[in-house]
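I have placed the structure first, in the form of structure tokens, so that the comments after it can refer back to it.
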Amino acid sequence: MTEAGFGLLENVRKVFFREELGRRAAEDLVAIEEASLAFGQGELVSLLGPSGCGKTTLLRIIAGLIPRTSGSVRIRGAEVDGPQADFGFVFQSPNLMPWRTVLDNVLFPMEILGKRDAKAKERALELLDMVGLTGFGGVRPHQLSGGMQQRVALCRALVHQPSLLLMDEPFGALDELTRMEMHDLLLDIRARTRATVVFVTHSIAEAVYLSDRVLVFSKRPGRIIERIDVELAYPRSPEMRYTEGFAALERRASRALGVLHGPA
Ligand SMILES: Nc1ncnc2c1ncn2[C@@H]1O[C@H](COP(=O)(O)OP(=O)(O)OP(=O)(O)O)[C@@H](O)[C@H]1O
Ligand SMILES: [Mg+2]
């Protein structure tokens, strides 16, 4: 499934300078010390690390939403130096527009791109079907549960068939059962759409369950301290969470994060 060289980050560094931090900041803040990584088309890569280590910052840099201080980000060979119309982004909270229906929320990116037509609507409805929200297109976000809202946000991120899907702790606010359902749903959608995904989380189990590869970050200033190839077959199934192979991968990530000590 993977094809090397889809995404390439080289020596990405991010400093928030004193001047941008406000008058009271005594010194510059190094958010990302250095990050280099590569991922292939169709890969699901997780960025796993403690709070404040720079995961969101790195994801925003990949998205072209904020500038990097140095280093390069290339997606499909092209340098990213501003927001990219063909990327999709899912945030920790759904950020749906409350006055719009579910369908109109999903179609929002198509409106921005000037491509809201019958085909777009068909695709939006197809995505809503895929995430189990058949028949909910006409309701307002407040009529949905948190998990349902996040599924709408996922549809919105996918409606324009992005080449790259960036997800920032998208399931962090959900209860554990819903979260596990969302994992299978995301993997299912990824298999169908062949989307390439960069997924930010601080959940070790989530990273292992979803990913082809887990990149573990140090505390701030963040740098990659461990790269774990998750050699568990797809499709993943909930039973895998209880296998020795899964536990071994979790232990490896836990050790890198300093949660576990001692020899492997
Ligand atoms: N716009 C900004 N201006 C100044 N400092 C920032 C800005 N964005 C992030 N930072 C700082 O950069 C560091 C990394 O923040 P970031 O949000 O990337 O962490 P994170 O790994 O996503 O954490 P969490 O898991 O809690 O979401 C933090 O110290 C934060 O205060
Ligand atoms: Mg974050």
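The way I read the labels, and the way they are meant: chains A, B, ... in the order of the structure tokens, residue 1 as the first residue of every chain, and ligand 1 as the first ligand shown, with later ones counted on from there.
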As a ChimeraX atom specification, please: the residues near region 196-206 of chain A (cut-off 7 Å, only C-alpha atoms, same-chain neighbours under 5 positions excluded). /A:41-50,55,163-169,250,253
Using only N, CA and C atoms, please write the residues we just selected to a file, as a PDB file, in the first residue's frame.
```
ATOM      1  N   GLN A  41       2.459   7.180   0.366  1.00  0.00           N
ATOM      2  CA  GLN A  41       1.048   7.327   0.018  1.00  0.00           C
ATOM      3  C   GLN A  41       0.239   6.200   0.655  1.00  0.00           C
ATOM      4  N   GLY A  42      -0.875   6.556   1.271  1.00  0.00           N
ATOM      5  CA  GLY A  42      -1.735   5.555   1.887  1.00  0.00           C
ATOM      6  C   GLY A  42      -1.309   5.148   3.279  1.00  0.00           C
ATOM      7  N   GLU A  43      -0.196   5.683   3.754  1.00  0.00           N
ATOM      8  CA  GLU A  43       0.266   5.329   5.099  1.00  0.00           C
ATOM      9  C   GLU A  43      -0.509   6.100   6.161  1.00  0.00           C
ATOM     10  N   LEU A  44      -0.623   5.476   7.338  1.00  0.00           N
ATOM     11  CA  LEU A  44      -1.168   6.186   8.492  1.00  0.00           C
ATOM     12  C   LEU A  44      -0.049   6.284   9.530  1.00  0.00           C
ATOM     13  N   VAL A  45       0.411   7.498   9.731  1.00  0.00           N
ATOM     14  CA  VAL A  45       1.527   7.740  10.645  1.00  0.00           C
ATOM     15  C   VAL A  45       1.018   8.511  11.845  1.00  0.00           C
ATOM     16  N   SER A  46       1.372   8.060  13.047  1.00  0.00           N
ATOM     17  CA  SER A  46       0.974   8.794  14.241  1.00  0.00           C
ATOM     18  C   SER A  46       2.135   9.547  14.838  1.00  0.00           C
ATOM     19  N   LEU A  47       1.834  10.749  15.327  1.00  0.00           N
ATOM     20  CA  LEU A  47       2.790  11.519  16.102  1.00  0.00           C
ATOM     21  C   LEU A  47       2.324  11.405  17.547  1.00  0.00           C
ATOM     22  N   LEU A  48       3.131  10.722  18.347  1.00  0.00           N
ATOM     23  CA  LEU A  48       2.747  10.433  19.738  1.00  0.00           C
ATOM     24  C   LEU A  48       3.709  11.164  20.659  1.00  0.00           C
ATOM     25  N   GLY A  49       3.179  11.877  21.633  1.00  0.00           N
ATOM     26  CA  GLY A  49       4.092  12.559  22.537  1.00  0.00           C
ATOM     27  C   GLY A  49       3.349  13.269  23.644  1.00  0.00           C
ATOM     28  N   PRO A  50       4.086  13.684  24.685  1.00  0.00           N
ATOM     29  CA  PRO A  50       3.455  14.326  25.839  1.00  0.00           C
ATOM     30  C   PRO A  50       2.875  15.694  25.486  1.00  0.00           C
ATOM     31  N   LYS A  55       3.280  18.677  18.945  1.00  0.00           N
ATOM     32  CA  LYS A  55       2.568  17.861  17.947  1.00  0.00           C
ATOM     33  C   LYS A  55       1.647  18.718  17.082  1.00  0.00           C
ATOM     34  N   SER A 163      -5.680  14.902  -0.596  1.00  0.00           N
ATOM     35  CA  SER A 163      -4.552  14.003  -0.814  1.00  0.00           C
ATOM     36  C   SER A 163      -3.945  13.611   0.526  1.00  0.00           C
ATOM     37  N   LEU A 164      -4.151  14.441   1.538  1.00  0.00           N
ATOM     38  CA  LEU A 164      -3.563  14.198   2.850  1.00  0.00           C
ATOM     39  C   LEU A 164      -4.566  14.607   3.923  1.00  0.00           C
ATOM     40  N   LEU A 165      -4.777  13.693   4.866  1.00  0.00           N
ATOM     41  CA  LEU A 165      -5.703  13.965   5.964  1.00  0.00           C
ATOM     42  C   LEU A 165      -4.897  14.154   7.239  1.00  0.00           C
ATOM     43  N   LEU A 166      -5.048  15.316   7.865  1.00  0.00           N
ATOM     44  CA  LEU A 166      -4.303  15.633   9.082  1.00  0.00           C
ATOM     45  C   LEU A 166      -5.290  15.649  10.244  1.00  0.00           C
ATOM     46  N   MET A 167      -4.990  14.882  11.283  1.00  0.00           N
ATOM     47  CA  MET A 167      -5.947  14.754  12.385  1.00  0.00           C
ATOM     48  C   MET A 167      -5.259  15.064  13.712  1.00  0.00           C
ATOM     49  N   ASP A 168      -5.800  16.032  14.438  1.00  0.00           N
ATOM     50  CA  ASP A 168      -5.192  16.458  15.695  1.00  0.00           C
ATOM     51  C   ASP A 168      -6.040  15.997  16.876  1.00  0.00           C
ATOM     52  N   GLU A 169      -5.667  14.898  17.484  1.00  0.00           N
ATOM     53  CA  GLU A 169      -6.410  14.316  18.602  1.00  0.00           C
ATOM     54  C   GLU A 169      -7.914  14.361  18.354  1.00  0.00           C
ATOM     55  N   GLU A 250       3.111  -1.399  22.718  1.00  0.00           N
ATOM     56  CA  GLU A 250       2.754  -0.380  23.714  1.00  0.00           C
ATOM     57  C   GLU A 250       3.895  -0.179  24.713  1.00  0.00           C
ATOM     58  N   ALA A 253       6.651   1.933  23.155  1.00  0.00           N
ATOM     59  CA  ALA A 253       6.310   3.361  23.145  1.00  0.00           C
ATOM     60  C   ALA A 253       6.363   3.930  24.564  1.00  0.00           C
TER      61      ALA A 253
END
```
Give me the residues within 7 Å of region 97-100 of chain A as an mmCIF file with C-alpha atoms, in the first residue's frame, counting only C-alpha atoms and dropping any in the same chain fewer than 4 places off.
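Output contents, as saved in around.cif:
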```cif
data_model
loop_
_atom_site.group_PDB
_atom_site.id
_atom_site.type_symbol
_atom_site.label_atom_id
_atom_site.label_comp_id
_atom_site.auth_asym_id
_atom_site.auth_seq_id
_atom_site.Cartn_x
_atom_site.Cartn_y
_atom_site.Cartn_z
ATOM 1 C CA ASP A 104 -24.289 21.994 4.685
ATOM 2 C CA ASN A 105 -21.455 21.622 7.181
ATOM 3 C CA ARG A 140 -28.415 20.713 13.117
ATOM 4 C CA PRO A 141 -25.205 19.817 14.970
ATOM 5 C CA HIS A 142 -26.710 20.381 18.454
#
```
Would you give me, as JSON lines, each residue of chain A having an atom within 12 Å of an atom of ligand 1, along with its shortest atom pair and that distance in Å to one decimal, using only C-alpha atoms and all ligand atoms and sorting by chain and residue number?
```
{"residue": "A:Arg13", "atom": "CA", "partner": "ligand 1", "partner_atom_place_in_ligand_line": "12 (O)", "distance": 11.5}
{"residue": "A:Lys14", "atom": "CA", "partner": "ligand 1", "partner_atom_place_in_ligand_line": "12 (O)", "distance": 8.5}
{"residue": "A:Val15", "atom": "CA", "partner": "ligand 1", "partner_atom_place_in_ligand_line": "12 (O)", "distance": 8.1}
{"residue": "A:Phe16", "atom": "CA", "partner": "ligand 1", "partner_atom_place_in_ligand_line": "4 (C)", "distance": 5.3}
{"residue": "A:Phe17", "atom": "CA", "partner": "ligand 1", "partner_atom_place_in_ligand_line": "4 (C)", "distance": 7.8}
{"residue": "A:Arg18", "atom": "CA", "partner": "ligand 1", "partner_atom_place_in_ligand_line": "4 (C)", "distance": 8.8}
{"residue": "A:Glu19", "atom": "CA", "partner": "ligand 1", "partner_atom_place_in_ligand_line": "4 (C)", "distance": 9.9}
{"residue": "A:Glu20", "atom": "CA", "partner": "ligand 1", "partner_atom_place_in_ligand_line": "3 (N)", "distance": 6.8}
{"residue": "A:Leu21", "atom": "CA", "partner": "ligand 1", "partner_atom_place_in_ligand_line": "4 (C)", "distance": 5.4}
{"residue": "A:Gly22", "atom": "CA", "partner": "ligand 1", "partner_atom_place_in_ligand_line": "4 (C)", "distance": 8.9}
{"residue": "A:Ala25", "atom": "CA", "partner": "ligand 1", "partner_atom_place_in_ligand_line": "4 (C)", "distance": 10.0}
{"residue": "A:Glu27", "atom": "CA", "partner": "ligand 1", "partner_atom_place_in_ligand_line": "5 (N)", "distance": 11.4}
{"residue": "A:Asp28", "atom": "CA", "partner": "ligand 1", "partner_atom_place_in_ligand_line": "5 (N)", "distance": 9.2}
{"residue": "A:Leu29", "atom": "CA", "partner": "ligand 1", "partner_atom_place_in_ligand_line": "5 (N)", "distance": 6.8}
{"residue": "A:Val30", "atom": "CA", "partner": "ligand 1", "partner_atom_place_in_ligand_line": "12 (O)", "distance": 7.1}
{"residue": "A:Ala31", "atom": "CA", "partner": "ligand 1", "partner_atom_place_in_ligand_line": "12 (O)", "distance": 4.4}
{"residue": "A:Ile32", "atom": "CA", "partner": "ligand 1", "partner_atom_place_in_ligand_line": "14 (C)", "distance": 7.4}
{"residue": "A:Glu33", "atom": "CA", "partner": "ligand 1", "partner_atom_place_in_ligand_line": "14 (C)", "distance": 10.7}
{"residue": "A:Leu47", "atom": "CA", "partner": "ligand 1", "partner_atom_place_in_ligand_line": "21 (O)", "distance": 9.0}
{"residue": "A:Leu48", "atom": "CA", "partner": "ligand 1", "partner_atom_place_in_ligand_line": "21 (O)", "distance": 8.5}
{"residue": "A:Gly49", "atom": "CA", "partner": "ligand 1", "partner_atom_place_in_ligand_line": "21 (O)", "distance": 6.5}
{"residue": "A:Pro50", "atom": "CA", "partner": "ligand 1", "partner_atom_place_in_ligand_line": "25 (O)", "distance": 5.8}
{"residue": "A:Ser51", "atom": "CA", "partner": "ligand 1", "partner_atom_place_in_ligand_line": "25 (O)", "distance": 3.4}
{"residue": "A:Gly52", "atom": "CA", "partner": "ligand 1", "partner_atom_place_in_ligand_line": "19 (O)", "distance": 3.4}
{"residue": "A:Cys53", "atom": "CA", "partner": "ligand 1", "partner_atom_place_in_ligand_line": "21 (O)", "distance": 3.9}
{"residue": "A:Gly54", "atom": "CA", "partner": "ligand 1", "partner_atom_place_in_ligand_line": "18 (O)", "distance": 3.1}
{"residue": "A:Lys55", "atom": "CA", "partner": "ligand 1", "partner_atom_place_in_ligand_line": "21 (O)", "distance": 3.8}
{"residue": "A:Thr56", "atom": "CA", "partner": "ligand 1", "partner_atom_place_in_ligand_line": "22 (O)", "distance": 3.7}
{"residue": "A:Thr57", "atom": "CA", "partner": "ligand 1", "partner_atom_place_in_ligand_line": "18 (O)", "distance": 3.7}
{"residue": "A:Leu58", "atom": "CA", "partner": "ligand 1", "partner_atom_place_in_ligand_line": "18 (O)", "distance": 6.5}
{"residue": "A:Leu59", "atom": "CA", "partner": "ligand 1", "partner_atom_place_in_ligand_line": "18 (O)", "distance": 8.0}
{"residue": "A:Arg60", "atom": "CA", "partner": "ligand 1", "partner_atom_place_in_ligand_line": "18 (O)", "distance": 8.4}
{"residue": "A:Ile61", "atom": "CA", "partner": "ligand 1", "partner_atom_place_in_ligand_line": "18 (O)", "distance": 9.9}
{"residue": "A:Leu65", "atom": "CA", "partner": "ligand 1", "partner_atom_place_in_ligand_line": "1 (N)", "distance": 10.8}
{"residue": "A:Ile66", "atom": "CA", "partner": "ligand 1", "partner_atom_place_in_ligand_line": "1 (N)", "distance": 8.5}
{"residue": "A:Pro67", "atom": "CA", "partner": "ligand 1", "partner_atom_place_in_ligand_line": "1 (N)", "distance": 10.5}
{"residue": "A:Arg68", "atom": "CA", "partner": "ligand 1", "partner_atom_place_in_ligand_line": "1 (N)", "distance": 11.7}
{"residue": "A:Phe91", "atom": "CA", "partner": "ligand 1", "partner_atom_place_in_ligand_line": "27 (O)", "distance": 10.5}
{"residue": "A:Gln92", "atom": "CA", "partner": "ligand 1", "partner_atom_place_in_ligand_line": "27 (O)", "distance": 8.9}
{"residue": "A:Ser93", "atom": "CA", "partner": "ligand 1", "partner_atom_place_in_ligand_line": "27 (O)", "distance": 12.0}
{"residue": "A:Met167", "atom": "CA", "partner": "ligand 1", "partner_atom_place_in_ligand_line": "22 (O)", "distance": 11.4}
{"residue": "A:Asp168", "atom": "CA", "partner": "ligand 1", "partner_atom_place_in_ligand_line": "22 (O)", "distance": 7.9}
{"residue": "A:Glu169", "atom": "CA", "partner": "ligand 1", "partner_atom_place_in_ligand_line": "27 (O)", "distance": 7.8}
{"residue": "A:Pro170", "atom": "CA", "partner": "ligand 1", "partner_atom_place_in_ligand_line": "27 (O)", "distance": 11.0}
{"residue": "A:Gly172", "atom": "CA", "partner": "ligand 1", "partner_atom_place_in_ligand_line": "25 (O)", "distance": 10.0}
{"residue": "A:Phe199", "atom": "CA", "partner": "ligand 1", "partner_atom_place_in_ligand_line": "22 (O)", "distance": 11.4}
{"residue": "A:Val200", "atom": "CA", "partner": "ligand 1", "partner_atom_place_in_ligand_line": "22 (O)", "distance": 7.9}
{"residue": "A:Thr201", "atom": "CA", "partner": "ligand 1", "partner_atom_place_in_ligand_line": "25 (O)", "distance": 7.1}
{"residue": "A:His202", "atom": "CA", "partner": "ligand 1", "partner_atom_place_in_ligand_line": "25 (O)", "distance": 6.3}
{"residue": "A:Ser203", "atom": "CA", "partner": "ligand 1", "partner_atom_place_in_ligand_line": "25 (O)", "distance": 9.8}
{"residue": "A:Val216", "atom": "CA", "partner": "ligand 1", "partner_atom_place_in_ligand_line": "21 (O)", "distance": 11.1}
{"residue": "A:Phe217", "atom": "CA", "partner": "ligand 1", "partner_atom_place_in_ligand_line": "21 (O)", "distance": 8.7}
{"residue": "A:Ser218", "atom": "CA", "partner": "ligand 1", "partner_atom_place_in_ligand_line": "21 (O)", "distance": 9.7}
{"residue": "A:Lys219", "atom": "CA", "partner": "ligand 1", "partner_atom_place_in_ligand_line": "21 (O)", "distance": 8.4}
{"residue": "A:Arg220", "atom": "CA", "partner": "ligand 1", "partner_atom_place_in_ligand_line": "13 (C)", "distance": 6.8}
{"residue": "A:Pro221", "atom": "CA", "partner": "ligand 1", "partner_atom_place_in_ligand_line": "13 (C)", "distance": 7.5}
{"residue": "A:Gly222", "atom": "CA", "partner": "ligand 1", "partner_atom_place_in_ligand_line": "14 (C)", "distance": 8.0}
{"residue": "A:Arg223", "atom": "CA", "partner": "ligand 1", "partner_atom_place_in_ligand_line": "21 (O)", "distance": 10.9}
```
Within 9 Å of region 174-184 of chain A, counting only C-alpha atoms, which residues show up once you throw out same-chain ones fewer than 3 positions away? Write them as a VMD selection string, please. chain A and resid 131 146 to 147 150 to 151 170 to 171 187 to 189 206 209 to 210 235 to 238
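Pairwise distance (CA of Val139 (chain A), CA of Val102 (chain A)) equals 5.8 Å.
Take the candidates A:Ala124, A:Ala85, A:Ala38, A:Leu9 and check each one against Val73 (chain A) using only C-alpha atoms; the shortest distance goes to A:Leu9.
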Spatial neighbours of Leu232 (chain A), 10 Å, only C-alpha atoms, chain gap at least 6 places, as a list in words: Val208, Tyr209, Leu210, Ser211, Asp212, Met240, Gly245, Phe246 and Leu249 of chain A
Between A:Thr134, A:Lys119, A:Ala26, A:Leu8, single out the one closest to Arg76 (chain A), counting only C-alpha atoms.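 Smallest distance to Arg76 (chain A) is found for A:Leu8.
Of note, CA of Ala78 (chain A) and CA of Gln161 (chain A) are spaced 18.3 Å apart.
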Interatomic distance (Å, one decimal) between CA of Val230 (chain A) and CA of Glu244 (chain A):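 It comes out at 13.0 Å.
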Would you give me, as a ChimeraX atom specification, the residues in region 11-92 of chain A that DSSP reads as strand (DSSP E)? /A:11-16,29-39,44-48,70-75,78-79,87-90
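Proximity of A:Phe6, A:Ala173, A:Glu79, A:Glu111 to Ala195 (chain A), computed with only C-alpha atoms, is greatest for A:Phe6.
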